>>> print(open('query.cif').read())   # mmCIF, C-alpha atoms
data_input
#
loop_
_atom_site.label_atom_id
_atom_site.label_comp_id
_atom_site.auth_asym_id
_atom_site.auth_seq_id
_atom_site.Cartn_x
_atom_site.Cartn_y
_atom_site.Cartn_z
CA MET A 294 0.00 0.00 0.00
CA THR A 295 1.47 3.35 -1.03
CA THR A 296 0.87 6.39 1.07
CA GLN A 297 0.10 9.57 -0.79
CA ALA A 298 1.83 12.69 0.51
CA PRO A 299 -0.58 15.34 1.74
CA ALA A 300 -1.27 18.20 -0.65
CA PRO A 301 0.64 21.40 0.13
CA LEU A 302 -1.36 23.95 2.06
CA HIS A 303 -2.36 27.32 0.68
CA TRP A 304 -1.12 30.09 2.96
CA LYS A 305 -1.35 33.75 3.65
CA LEU A 306 0.75 35.87 5.94
CA VAL A 307 -1.51 38.26 7.86
CA ILE A 308 0.03 41.65 8.63
CA ASP A 309 -1.55 44.19 10.98
CA ALA A 310 -1.81 47.66 9.47
CA ALA A 311 -3.13 51.13 10.20
CA ASP A 312 -3.93 51.54 6.48
CA PRO A 313 -4.31 48.14 4.79
CA HIS A 314 -4.84 49.54 1.30
CA THR A 315 -1.69 51.66 1.34
CA GLN A 316 0.27 48.67 2.62
CA ALA A 317 -1.25 46.49 -0.11
CA ASP A 318 -0.21 49.02 -2.75
CA PHE A 319 3.35 49.12 -1.37
CA TRP A 320 3.78 45.34 -1.14
CA ALA A 321 2.08 44.63 -4.48
CA ALA A 322 4.57 47.00 -6.12
CA ALA A 323 7.52 45.75 -4.02
CA LEU A 324 6.92 42.08 -4.85
CA HIS A 325 5.38 42.54 -8.32
CA TYR A 326 2.23 40.93 -6.88
CA THR A 327 -1.41 41.70 -7.69
CA ALA A 328 -3.86 43.30 -5.28
CA GLU A 329 -6.88 41.04 -5.02
CA ASP A 330 -10.11 42.29 -6.54
CA ASN A 331 -12.86 41.21 -4.13
CA SER A 332 -15.40 43.66 -5.59
CA ALA A 333 -17.80 40.94 -6.83
CA LEU A 334 -17.88 39.40 -3.35
CA VAL A 335 -18.27 42.79 -1.66
CA GLU A 336 -21.13 43.74 -4.01
CA ARG A 337 -22.83 40.38 -3.45
CA LEU A 338 -22.57 40.74 0.36
CA LEU A 339 -23.90 44.31 0.18
CA SER A 340 -26.85 43.25 -1.99
CA VAL A 341 -28.02 40.60 0.50
CA GLY A 342 -27.46 42.81 3.55
CA ALA A 343 -24.61 40.70 4.93
CA LEU A 344 -22.22 43.67 4.78
CA SER A 345 -22.87 47.31 5.59
CA GLY A 346 -21.71 50.18 3.43
CA GLU A 347 -19.54 51.41 6.31
CA ALA A 348 -17.52 48.20 6.03
CA THR A 349 -16.47 49.05 2.47
CA VAL A 350 -14.26 51.57 0.67
CA GLU A 351 -13.52 52.38 -2.93
CA TYR A 352 -10.11 51.01 -3.85
CA HIS A 353 -8.74 51.73 -7.31
CA GLY A 354 -12.24 52.39 -8.61
CA ARG A 355 -13.90 49.29 -7.21
CA ALA A 356 -15.67 48.21 -4.03
CA ALA A 357 -13.40 46.67 -1.38
CA PHE A 358 -13.50 45.66 2.25
CA ARG A 359 -12.59 48.61 4.48
CA ASP A 360 -10.50 46.68 6.97
CA LEU A 361 -8.63 44.11 4.90
CA ILE A 362 -7.09 43.48 1.53
CA ALA A 363 -4.66 40.92 0.20
CA VAL A 364 -2.01 40.78 -2.50
CA ARG A 365 -1.16 37.55 -4.30
CA HIS A 366 1.45 36.14 -6.62
CA PRO A 367 0.16 36.85 -10.14
CA ASP A 368 0.77 33.27 -11.32
CA ASP A 369 -1.12 31.63 -8.46
CA PRO A 370 -4.72 30.46 -8.85
CA TYR A 371 -7.62 32.44 -7.39
CA ASP A 372 -11.35 32.01 -6.93
CA GLN A 373 -12.91 33.92 -9.82
CA GLN A 374 -16.20 34.40 -7.94
CA THR A 375 -14.61 36.07 -4.92
CA GLY A 376 -11.22 37.26 -6.21
CA THR A 377 -9.55 35.49 -3.28
CA GLY A 378 -6.13 34.00 -3.96
CA LEU A 379 -5.53 30.28 -3.53
CA GLY A 380 -1.75 30.44 -3.21
CA ARG A 381 0.94 32.75 -1.88
CA ARG A 382 -0.68 35.81 -0.31
CA LEU A 383 -0.12 38.68 2.08
CA LEU A 384 -3.28 39.89 3.85
CA PHE A 385 -3.29 43.32 5.47
CA GLN A 386 -5.84 43.82 8.24
CA ARG A 387 -6.68 47.08 9.96
CA VAL A 388 -5.83 47.26 13.66
CA PRO A 389 -6.21 50.27 15.98
CA GLU A 390 -2.75 50.14 17.54
CA SER A 391 0.50 51.09 15.80
CA LYS A 392 3.57 48.91 15.54
CA THR A 393 5.69 49.29 18.67
CA VAL A 394 8.31 46.51 18.71
CA LYS A 395 10.56 44.58 16.37
CA ASN A 396 8.86 42.06 14.07
CA ARG A 397 9.01 38.43 15.15
CA LEU A 398 8.52 37.43 11.51
CA HIS A 399 9.73 39.23 8.40
CA LEU A 400 10.07 38.83 4.65
CA ASP A 401 13.41 38.36 2.92
CA LEU A 402 13.43 39.62 -0.67
CA HIS A 403 16.07 37.92 -2.80
CA ALA A 404 17.23 40.28 -5.52
CA GLY A 405 20.77 38.88 -5.69
CA PRO A 406 24.02 40.77 -5.16
CA ASP A 407 23.99 42.28 -8.66
CA ARG A 408 20.49 43.79 -8.21
CA ARG A 409 20.42 44.53 -4.46
CA THR A 410 21.31 48.23 -4.74
CA GLU A 411 18.82 48.75 -7.58
CA GLU A 412 16.03 47.03 -5.61
CA VAL A 413 16.78 49.00 -2.44
CA THR A 414 16.52 52.24 -4.43
CA ARG A 415 13.27 51.09 -6.07
CA LEU A 416 11.79 50.18 -2.69
CA GLN A 417 12.80 53.55 -1.25
CA VAL A 418 10.94 55.27 -4.09
CA LEU A 419 7.88 53.17 -3.14
CA GLY A 420 8.09 54.43 0.47
CA ALA A 421 10.45 52.06 2.30
CA ARG A 422 13.44 53.27 4.26
CA VAL A 423 16.86 51.76 4.90
CA LEU A 424 17.46 50.88 8.55
CA ARG A 425 20.99 49.50 8.11
CA GLU A 426 23.29 47.59 5.81
CA VAL A 427 24.51 44.27 7.15
CA LYS A 428 27.78 42.56 6.20
CA GLU A 429 28.51 39.34 8.06
CA PRO A 430 30.47 36.18 7.29
CA SER A 431 27.12 34.50 6.56
CA GLY A 432 26.09 37.07 3.97
CA GLN A 433 25.19 40.61 3.09
CA TRP A 434 21.79 42.31 3.03
CA VAL A 435 19.97 45.57 3.64
CA LEU A 436 17.50 45.82 6.51
CA MET A 437 14.58 48.03 5.49
CA ALA A 438 11.20 49.13 6.86
CA ASP A 439 7.97 49.41 4.87
CA PRO A 440 5.79 52.57 5.13
CA GLU A 441 4.35 51.43 8.49
CA GLY A 442 7.70 50.38 9.96
CA ASN A 443 7.57 46.61 9.38
CA GLU A 444 11.10 45.31 8.89
CA PHE A 445 12.18 43.26 5.88
CA CYS A 446 15.50 42.37 4.30
CA VAL A 447 16.79 42.69 0.76
CA HIS A 448 19.42 40.06 -0.04
#
>>> encode(input="query.cif", output="structure tokens")
Amino acid sequence: MTTQAPAPLHWKLVIDAADPHTQADFWAAALHYTAEDNSALVERLLSVGALSGEATVEYHGRAAFRDLIAVRHPDDPYDQQTGTGLGRRLLFQRVPESKTVKNRLHLDLHAGPDRRTEEVTRLQVLGARVLREVKEPSGQWVLMADPEGNEFCVH
């Protein structure tokens, strides 16, 4: 009897944010990802009274949830009825408190040594800031912060 390996799990990394839509714009541009279009789902929930108008915003000309939005890898599958990604995703959710301590989890972006400087500059134009450059025997990278102060590294 052969045992079949379990199917890989879909995942999303949930990131607290003061302004989820601005964070989604930053990270979609930073990663070359796509902001999810949940407008069909939002409109459907509004039409049946399951969602109030106060729980929505206009985002890039379409209806969106006010307190959350995700970005997904453009090659990954998604549910065409809801716009929800079925693969690699970052979900930004509104929270009332601001970031106060160092991240316990962060993203590493792998541009490669030949493109690192170019990527750091591009990310700064998008709104990130350099916190420090790191050179250690184990490698070299740039520690950065996104527009809300979440740390990430560019290798």
>>> residues_around(input="query.cif", residues="Pro313 in chain A", least_positions_apart="2", cutoff="10 Å", atoms="all atoms listed in the file", output="PyMOL selection string")
chain A and resi 308-311+315-319+358-363+384-388+441
>>> write_last_selection(input="query.cif", atoms="C-alpha atoms", output="PDB file, in the coordinates of the input")
ATOM      1  CA  ILE A 308       0.030  41.650   8.630  1.00  0.00           C
ATOM      2  CA  ASP A 309      -1.550  44.190  10.980  1.00  0.00           C
ATOM      3  CA  ALA A 310      -1.810  47.660   9.470  1.00  0.00           C
ATOM      4  CA  ALA A 311      -3.130  51.130  10.200  1.00  0.00           C
ATOM      5  CA  THR A 315      -1.690  51.660   1.340  1.00  0.00           C
ATOM      6  CA  GLN A 316       0.270  48.670   2.620  1.00  0.00           C
ATOM      7  CA  ALA A 317      -1.250  46.490  -0.110  1.00  0.00           C
ATOM      8  CA  ASP A 318      -0.210  49.020  -2.750  1.00  0.00           C
ATOM      9  CA  PHE A 319       3.350  49.120  -1.370  1.00  0.00           C
ATOM     10  CA  PHE A 358     -13.500  45.660   2.250  1.00  0.00           C
ATOM     11  CA  ARG A 359     -12.590  48.610   4.480  1.00  0.00           C
ATOM     12  CA  ASP A 360     -10.500  46.680   6.970  1.00  0.00           C
ATOM     13  CA  LEU A 361      -8.630  44.110   4.900  1.00  0.00           C
ATOM     14  CA  ILE A 362      -7.090  43.480   1.530  1.00  0.00           C
ATOM     15  CA  ALA A 363      -4.660  40.920   0.200  1.00  0.00           C
ATOM     16  CA  LEU A 384      -3.280  39.890   3.850  1.00  0.00           C
ATOM     17  CA  PHE A 385      -3.290  43.320   5.470  1.00  0.00           C
ATOM     18  CA  GLN A 386      -5.840  43.820   8.240  1.00  0.00           C
ATOM     19  CA  ARG A 387      -6.680  47.080   9.960  1.00  0.00           C
ATOM     20  CA  VAL A 388      -5.830  47.260  13.660  1.00  0.00           C
ATOM     21  CA  GLU A 441       4.350  51.430   8.490  1.00  0.00           C
TER      22      GLU A 441
END
>>> atom_distance(input="query.cif", atom1="CA of Glu444 in chain A", atom2="CA of Asp407 in chain A")
22.0 Å
>>> resolve_selection(input="query.cif", expression="the PyMOL selection byres ((chain A and resi 438) around 7)", output="VMD selection string")
chain A and resid 421 to 424 437 439 to 440 442 to 445
>>> resolve_selection(input="query.cif", expression="the PyMOL selection byres ((chain A and resi 369-382) around 10)", output="ChimeraX atom specification")
/A:301-307,326-335,337,362-368,383-385
>>> resolve_selection(input="query.cif", expression="the PyMOL selection byres ((chain A and resi 446) around 10)", output="list of chain:residue names")
A:His399, A:Leu400, A:Asp401, A:Leu402, A:His403, A:Val413, A:Val423, A:Leu424, A:Arg425, A:Glu426, A:Val427, A:Gln433, A:Trp434, A:Val435, A:Leu436, A:Met437, A:Ala438, A:Glu444, A:Phe445, A:Val447, A:His448
>>> closest_residue(input="query.cif", among="A:Val341, A:Gly420, A:Gly432, A:Ala323", to="Gly405 in chain A", atoms="all atoms listed in the file")
A:Gly432
>>> closest_residue(input="query.cif", among="A:Pro430, A:Pro406, A:Val350, A:Val418", to="Ala322 in chain A", atoms="only C-alpha atoms")
A:Val418
>>> atom_distance(input="query.cif", atom1="CA of His353 in chain A", atom2="CA of Asp312 in chain A")
14.6 Å
>>> atom_distance(input="query.cif", atom1="CA of Ala357 in chain A", atom2="CA of Glu390 in chain A")
22.0 Å
